[in-house]
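Remarks on the structure that follows.
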Amino acid sequence: MKFTAEEQAMMDGRYGVGTQLAMRVLAAIGEAYDAPYMVPVTRTHVALSNQEADLWFAEKLVEGGAKCKIRPTVNPSFNWKEFHTITTLDNEDEAIVKRTHVAYNKLGAIMTYDCTPYLERNVPRFGEILSFSESSATPFVNSVYGARSNRESAQSALCSAITGVTPYYGFLLRENRAGNVLVHIEADMKDDFDYQMLGYLVPRKTGFAVPVFEGIMNPSKEALMNLGAQLNTGGNVALYHIIGFTPEARTLEEAFQGKQPQREVTVTRAELTAMREEISAPAGKIDFALYGCPHFTIDQVAVIAGLVKDKTLAVPLFIMTSSLTRNLAQKMGYMEILRQAGGRIVEDTCMDQPCWKFLYGKKGITDSPKCAYYTKRREMQFVIAPLEASVKAALKGRY
Ligand code: F3S
């Protein structure tokens, strides 16, 4: 790879061993992908995880004196202060969360702790070059905004945050952003929940490709969040296009950059229904309800508040969201409505964290296949149902 004088200085350790390590990691990735050189990034997002390996790497960078040049927003962790009021936490789990907080803070990250930074605090414009990890965030910035990011790991995004550059390969190049497979949506997409099923199903049909959807009309931002999250639960899709809607797909020709689709597939209502039946736990009694994977928007919080107002939930209900949305919910009275019904909003928290141990072995309800997928390894089962129906089930204690 060719380096600028500044990049070479980073490689040579003139900015310290932490920055040198970050630059070496990026150079190795660049070589692996035949990138000719590095390009500057203007935004970064790091999917920190509270796992030992992630923390080992972050602390190594701290010890080496690294500081973020392009300060990243960060993924949710778990809000240990809040969880002390919900359950008893393992000392070990709490300790690693605190160490993660200290390490990323020292590196200069913006401690947002949310997985929808593209909505509120790290919003790119068309064509911007980014380094975003978090599998549900990358397709949103790429597809909905037309910004350019590869599907980064927490480590590679952090290295870009420190050095300010990323190897020039993959989805940063216009030619690699062309669609490959045309997906005809024959199902009438009636609500945001349908996009959860669509996202989970489509990679089975398209494989590792850039899908181009035809037949989708004006999806909401929540539908697009759902679609991106599930495309990367059912498969690995960092970029998709929707004809007549996303910015690189004003027409079919533009979406495929003038080439023919390699394949065409269809999605029917019957397939969406079958998908849900396959991945959902059976109906019946439920023990809790969990939402916010990805983090809920204020509009989604409002839907739940409207459904539980002046009622009492039969089972505990938790909504994961960003601190900003939680503050809004407080100001707008939703927190109080939820509290009175027996629900609560937890900020800064991801369902794939050990703070949910008190729910292990139980059966919950959620609107998110991603939530259900990750918690399987933690022995939690989920009925997967549309938002409104699932909240009604939480009021009764069964679906
Ligand atoms: Fe967000 Fe965690 Fe789900 S990062 S998308 S709540 S797995």
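All residue names refer to the structure tokens as shown: chains lettered A, B, ... in order, residues numbered from 1 in each chain, ligands numbered from 1 in order.
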Mind running region 20-73 of chain A against region 151-170 of chain A at 8 Å and telling me each contacting residue's nearest atom pair with the distance in Å (one decimal), counting only C-alpha atoms, chain and number ascending, as a tab-separated table?
residue	atom	partner	partner_atom	distance
A:Ala22	CA	A:Cys159	CA	4.5
A:Met23	CA	A:Thr163	CA	6.5
A:Val25	CA	A:Cys159	CA	7.2
A:Leu26	CA	A:Pro167	CA	6.5
A:Ala27	CA	A:Pro167	CA	7.1
A:Ile29	CA	A:Pro167	CA	7.2
A:Gly30	CA	A:Pro167	CA	5.0
A:Tyr33	CA	A:Tyr169	CA	6.7
A:Asp34	CA	A:Tyr169	CA	7.4
A:Ala35	CA	A:Tyr168	CA	5.2
A:Pro36	CA	A:Tyr168	CA	6.7
A:Tyr37	CA	A:Tyr168	CA	5.9
A:Met38	CA	A:Pro167	CA	4.3
A:Val39	CA	A:Val165	CA	5.3
A:Pro40	CA	A:Val165	CA	4.2
A:Val41	CA	A:Val165	CA	5.3
A:Thr42	CA	A:Gly164	CA	7.5
A:Arg43	CA	A:Ala161	CA	7.8
A:Thr44	CA	A:Ala161	CA	5.9
A:His45	CA	A:Ala157	CA	6.6
A:Val46	CA	A:Ala154	CA	5.0
A:Ala47	CA	A:Ala154	CA	4.9
A:Leu48	CA	A:Ala154	CA	5.9
A:Asp54	CA	A:Gln155	CA	7.3
A:Phe57	CA	A:Gln155	CA	7.5
A:Ala66	CA	A:Ile162	CA	6.7
A:Lys67	CA	A:Ile162	CA	5.8
A:Cys68	CA	A:Ile162	CA	4.0
A:Lys69	CA	A:Ile162	CA	5.1
A:Ile70	CA	A:Ala161	CA	4.8
A:Arg71	CA	A:Ala161	CA	5.9
A:Pro72	CA	A:Ala161	CA	6.1
Original post:
Quick one: residues within 6 Å of ligand 1, with only C-alpha atoms and all ligand atoms, as a list in words?
Top reply: Asn75, Pro76, Cys115, Ser136, Cys293, Pro294, His295, Cys350, Met351, Asp352 and Cys371 of chain A
Subject >> Which of A:Gln51, A:Val210, A:Lys205, A:Gly127 sits closest to Glu94 (chain A) [using only C-alpha atoms] >> reply: A:Gln51
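The closest residue to Ile185 (chain A), picked from A:Met275, A:Val141, A:Val212, A:Met111 and counting only C-alpha atoms, is A:Val212.
Minimum atom-to-atom distances from A:Val202, A:Ile365, A:Met320, A:Leu272 to Asn79 (chain A) were compared using only C-alpha atoms, and the lowest value belongs to A:Met320.
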**OP:** Output as a ChimeraX atom specification all residues of region 215-372 of chain A that backbone DSSP marks as alpha helix (DSSP H).
**Re:** /A:221-231,252-255,269-279,298-308,323-331,334-341,369-372
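Minimum distance to Ala95 (chain A) across A:Leu55, A:Ala5, A:Met11, A:Leu130 (counting only C-alpha atoms) occurs at A:Leu55.
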**OP:** Name the residues in contact with region 296-305 of chain A at a cut-off of 6 Å, using only C-alpha atoms, excluding same-chain residues fewer than 5 positions from it; report them as a PyMOL selection string.
**Re:** chain A and resi 321+325+334+338
For the residues selected in the previous step, produce a file with all heavy atoms as a PDB file, in the first residue's frame.
ATOM      1  N   THR A 321     -33.258   1.954  24.964  1.00  0.00           N
ATOM      2  CA  THR A 321     -33.138   3.093  24.056  1.00  0.00           C
ATOM      3  C   THR A 321     -31.926   3.946  24.435  1.00  0.00           C
ATOM      4  O   THR A 321     -31.195   3.632  25.373  1.00  0.00           O
ATOM      5  CB  THR A 321     -34.441   3.915  24.039  1.00  0.00           C
ATOM      6  OG1 THR A 321     -34.369   4.864  22.988  1.00  0.00           O
ATOM      7  CG2 THR A 321     -34.683   4.652  25.344  1.00  0.00           C
ATOM      8  N   THR A 325     -33.312   9.619  23.896  1.00  0.00           N
ATOM      9  CA  THR A 325     -34.723   9.228  23.771  1.00  0.00           C
ATOM     10  C   THR A 325     -35.357   9.065  25.157  1.00  0.00           C
ATOM     11  O   THR A 325     -36.512   9.428  25.373  1.00  0.00           O
ATOM     12  CB  THR A 325     -34.840   7.933  22.944  1.00  0.00           C
ATOM     13  OG1 THR A 325     -34.291   8.185  21.662  1.00  0.00           O
ATOM     14  CG2 THR A 325     -36.282   7.481  22.781  1.00  0.00           C
ATOM     15  N   TYR A 334     -44.024   9.967  28.915  1.00  0.00           N
ATOM     16  CA  TYR A 334     -44.133   8.530  28.621  1.00  0.00           C
ATOM     17  C   TYR A 334     -43.519   7.671  29.731  1.00  0.00           C
ATOM     18  O   TYR A 334     -43.994   6.570  30.020  1.00  0.00           O
ATOM     19  CB  TYR A 334     -43.443   8.186  27.288  1.00  0.00           C
ATOM     20  CG  TYR A 334     -44.011   8.906  26.098  1.00  0.00           C
ATOM     21  CD1 TYR A 334     -43.178   9.350  25.072  1.00  0.00           C
ATOM     22  CD2 TYR A 334     -45.376   9.127  25.973  1.00  0.00           C
ATOM     23  CE1 TYR A 334     -43.688  10.013  23.968  1.00  0.00           C
ATOM     24  CE2 TYR A 334     -45.895   9.796  24.867  1.00  0.00           C
ATOM     25  CZ  TYR A 334     -45.040  10.229  23.872  1.00  0.00           C
ATOM     26  OH  TYR A 334     -45.546  10.889  22.780  1.00  0.00           O
ATOM     27  N   LEU A 338     -45.435   4.613  31.569  1.00  0.00           N
ATOM     28  CA  LEU A 338     -44.868   3.258  31.580  1.00  0.00           C
ATOM     29  C   LEU A 338     -44.663   2.774  33.010  1.00  0.00           C
ATOM     30  O   LEU A 338     -44.952   1.625  33.341  1.00  0.00           O
ATOM     31  CB  LEU A 338     -43.534   3.247  30.826  1.00  0.00           C
ATOM     32  CG  LEU A 338     -43.667   3.310  29.306  1.00  0.00           C
ATOM     33  CD1 LEU A 338     -42.376   3.783  28.660  1.00  0.00           C
ATOM     34  CD2 LEU A 338     -44.041   1.929  28.767  1.00  0.00           C
TER      35      LEU A 338
END
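Nearest to Val265 (chain A) of all the residues A:Tyr291, A:Asn180, A:Glu277, A:Thr349 is A:Asn180, counting only C-alpha atoms.
Every protein or nucleic acid residue with an atom no more than 7 Å from region 279-283 of chain A, counting only C-alpha atoms and leaving out same-chain residues fewer than 4 positions away, appears here: Met275, Gln381, Phe382, Val383, Ile384 and Tyr399 of chain A.
The smallest atom-to-atom distance between Ser368 (chain A) and any of A:Glu6, A:Asp310, A:Asp192, A:Glu120, using only C-alpha atoms, is found for A:Asp192.
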Original post:
Please, which residues of region 227-333 of chain A, numbered as in this document, come out strand (DSSP E or B) from DSSP, as a list in words?
Top reply: His241, Ile242, Arg263, Glu264, Val265, Thr266, Val267, Lys285, Phe288, Ala289, Leu290, Tyr291, Gly292, Cys293, Pro294, His295, Phe296, Leu317, Phe318, Ile319, Met320 and Thr321 of chain A
Next, dump the selected residues to file, keeping only C-alpha atoms, as a PDB file, in the first residue's frame.
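Final output, saved to out-v8.pdb:
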ATOM      1  CA  HIS A 241     -31.043  -0.427  -2.416  1.00  0.00           C
ATOM      2  CA  ILE A 242     -34.763   0.321  -2.730  1.00  0.00           C
ATOM      3  CA  ARG A 263     -30.611 -13.142 -10.289  1.00  0.00           C
ATOM      4  CA  GLU A 264     -34.200 -12.232  -9.510  1.00  0.00           C
ATOM      5  CA  VAL A 265     -36.151 -13.510  -6.515  1.00  0.00           C
ATOM      6  CA  THR A 266     -39.615 -12.821  -5.107  1.00  0.00           C
ATOM      7  CA  VAL A 267     -40.962 -12.458  -1.594  1.00  0.00           C
ATOM      8  CA  LYS A 285     -47.834 -17.850  28.482  1.00  0.00           C
ATOM      9  CA  PHE A 288     -41.712 -10.601  30.167  1.00  0.00           C
ATOM     10  CA  ALA A 289     -41.562  -8.257  27.146  1.00  0.00           C
ATOM     11  CA  LEU A 290     -38.352  -6.743  25.782  1.00  0.00           C
ATOM     12  CA  TYR A 291     -38.007  -4.082  23.078  1.00  0.00           C
ATOM     13  CA  GLY A 292     -35.325  -1.907  21.577  1.00  0.00           C
ATOM     14  CA  CYS A 293     -33.090  -4.120  19.487  1.00  0.00           C
ATOM     15  CA  PRO A 294     -32.121  -1.848  17.726  1.00  0.00           C
ATOM     16  CA  HIS A 295     -32.742   0.936  20.242  1.00  0.00           C
ATOM     17  CA  PHE A 296     -36.279   2.288  20.117  1.00  0.00           C
ATOM     18  CA  LEU A 317     -41.854  -4.769  30.131  1.00  0.00           C
ATOM     19  CA  PHE A 318     -38.474  -3.248  29.257  1.00  0.00           C
ATOM     20  CA  ILE A 319     -37.631  -0.779  26.472  1.00  0.00           C
ATOM     21  CA  MET A 320     -33.979  -0.269  25.562  1.00  0.00           C
ATOM     22  CA  THR A 321     -33.138   3.093  24.056  1.00  0.00           C
TER      23      THR A 321
END
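As for CA of Pro211 (chain A) and CA of Ala274 (chain A), they are spaced 20.8 Å apart.
Once Ile96 (chain A) and its same-chain neighbours fewer than 6 positions away are set aside, A:Leu48, A:Ser49, A:Asn50, A:Gln51, A:Glu52, A:Ala53, A:Asp54, A:Leu55, A:Trp56, A:Glu59, A:Ser77, A:Phe78, A:Trp80, A:Leu89, A:Asp90, A:Val102, A:Ala103, A:Gln353, A:Pro354, A:Cys355 remain within 12 Å of it when counting only C-alpha atoms.
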Subject >> Selection near Pro219 (chain A), 12 Å with only C-alpha atoms, sequence-local residues under 2 positions removed, as number ranges by chain >> reply: A: 144, 188-195, 213, 215-217, 221-227, 242-246
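CA of Tyr360 (chain A) to CA of Val315 (chain A) spans 15.1 Å [interatomic distance, one decimal].
Residue neighbourhood of Leu307 (chain A), excluding near-sequence residues (fewer than 5 positions): Glu388, Val391 and Lys392 of chain A, at 8 Å, using only C-alpha atoms.
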Generate the output file for the selected residues, N, CA and C atoms, as a PDB file, in the first residue's frame.
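Final file, out.pdb:
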ATOM      1  N   GLU A 388     -47.705  -3.850  18.380  1.00  0.00           N
ATOM      2  CA  GLU A 388     -48.971  -3.638  19.083  1.00  0.00           C
ATOM      3  C   GLU A 388     -49.502  -4.944  19.693  1.00  0.00           C
ATOM      4  N   VAL A 391     -47.459  -5.955  22.800  1.00  0.00           N
ATOM      5  CA  VAL A 391     -47.742  -5.169  24.014  1.00  0.00           C
ATOM      6  C   VAL A 391     -49.085  -5.624  24.610  1.00  0.00           C
ATOM      7  N   LYS A 392     -50.042  -5.885  23.742  1.00  0.00           N
ATOM      8  CA  LYS A 392     -51.333  -6.393  24.237  1.00  0.00           C
ATOM      9  C   LYS A 392     -51.136  -7.732  24.950  1.00  0.00           C
TER      10      LYS A 392
END
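Rounded to one decimal, CA of Glu254 (chain A) and CA of Arg148 (chain A) lie 16.7 Å from each other.
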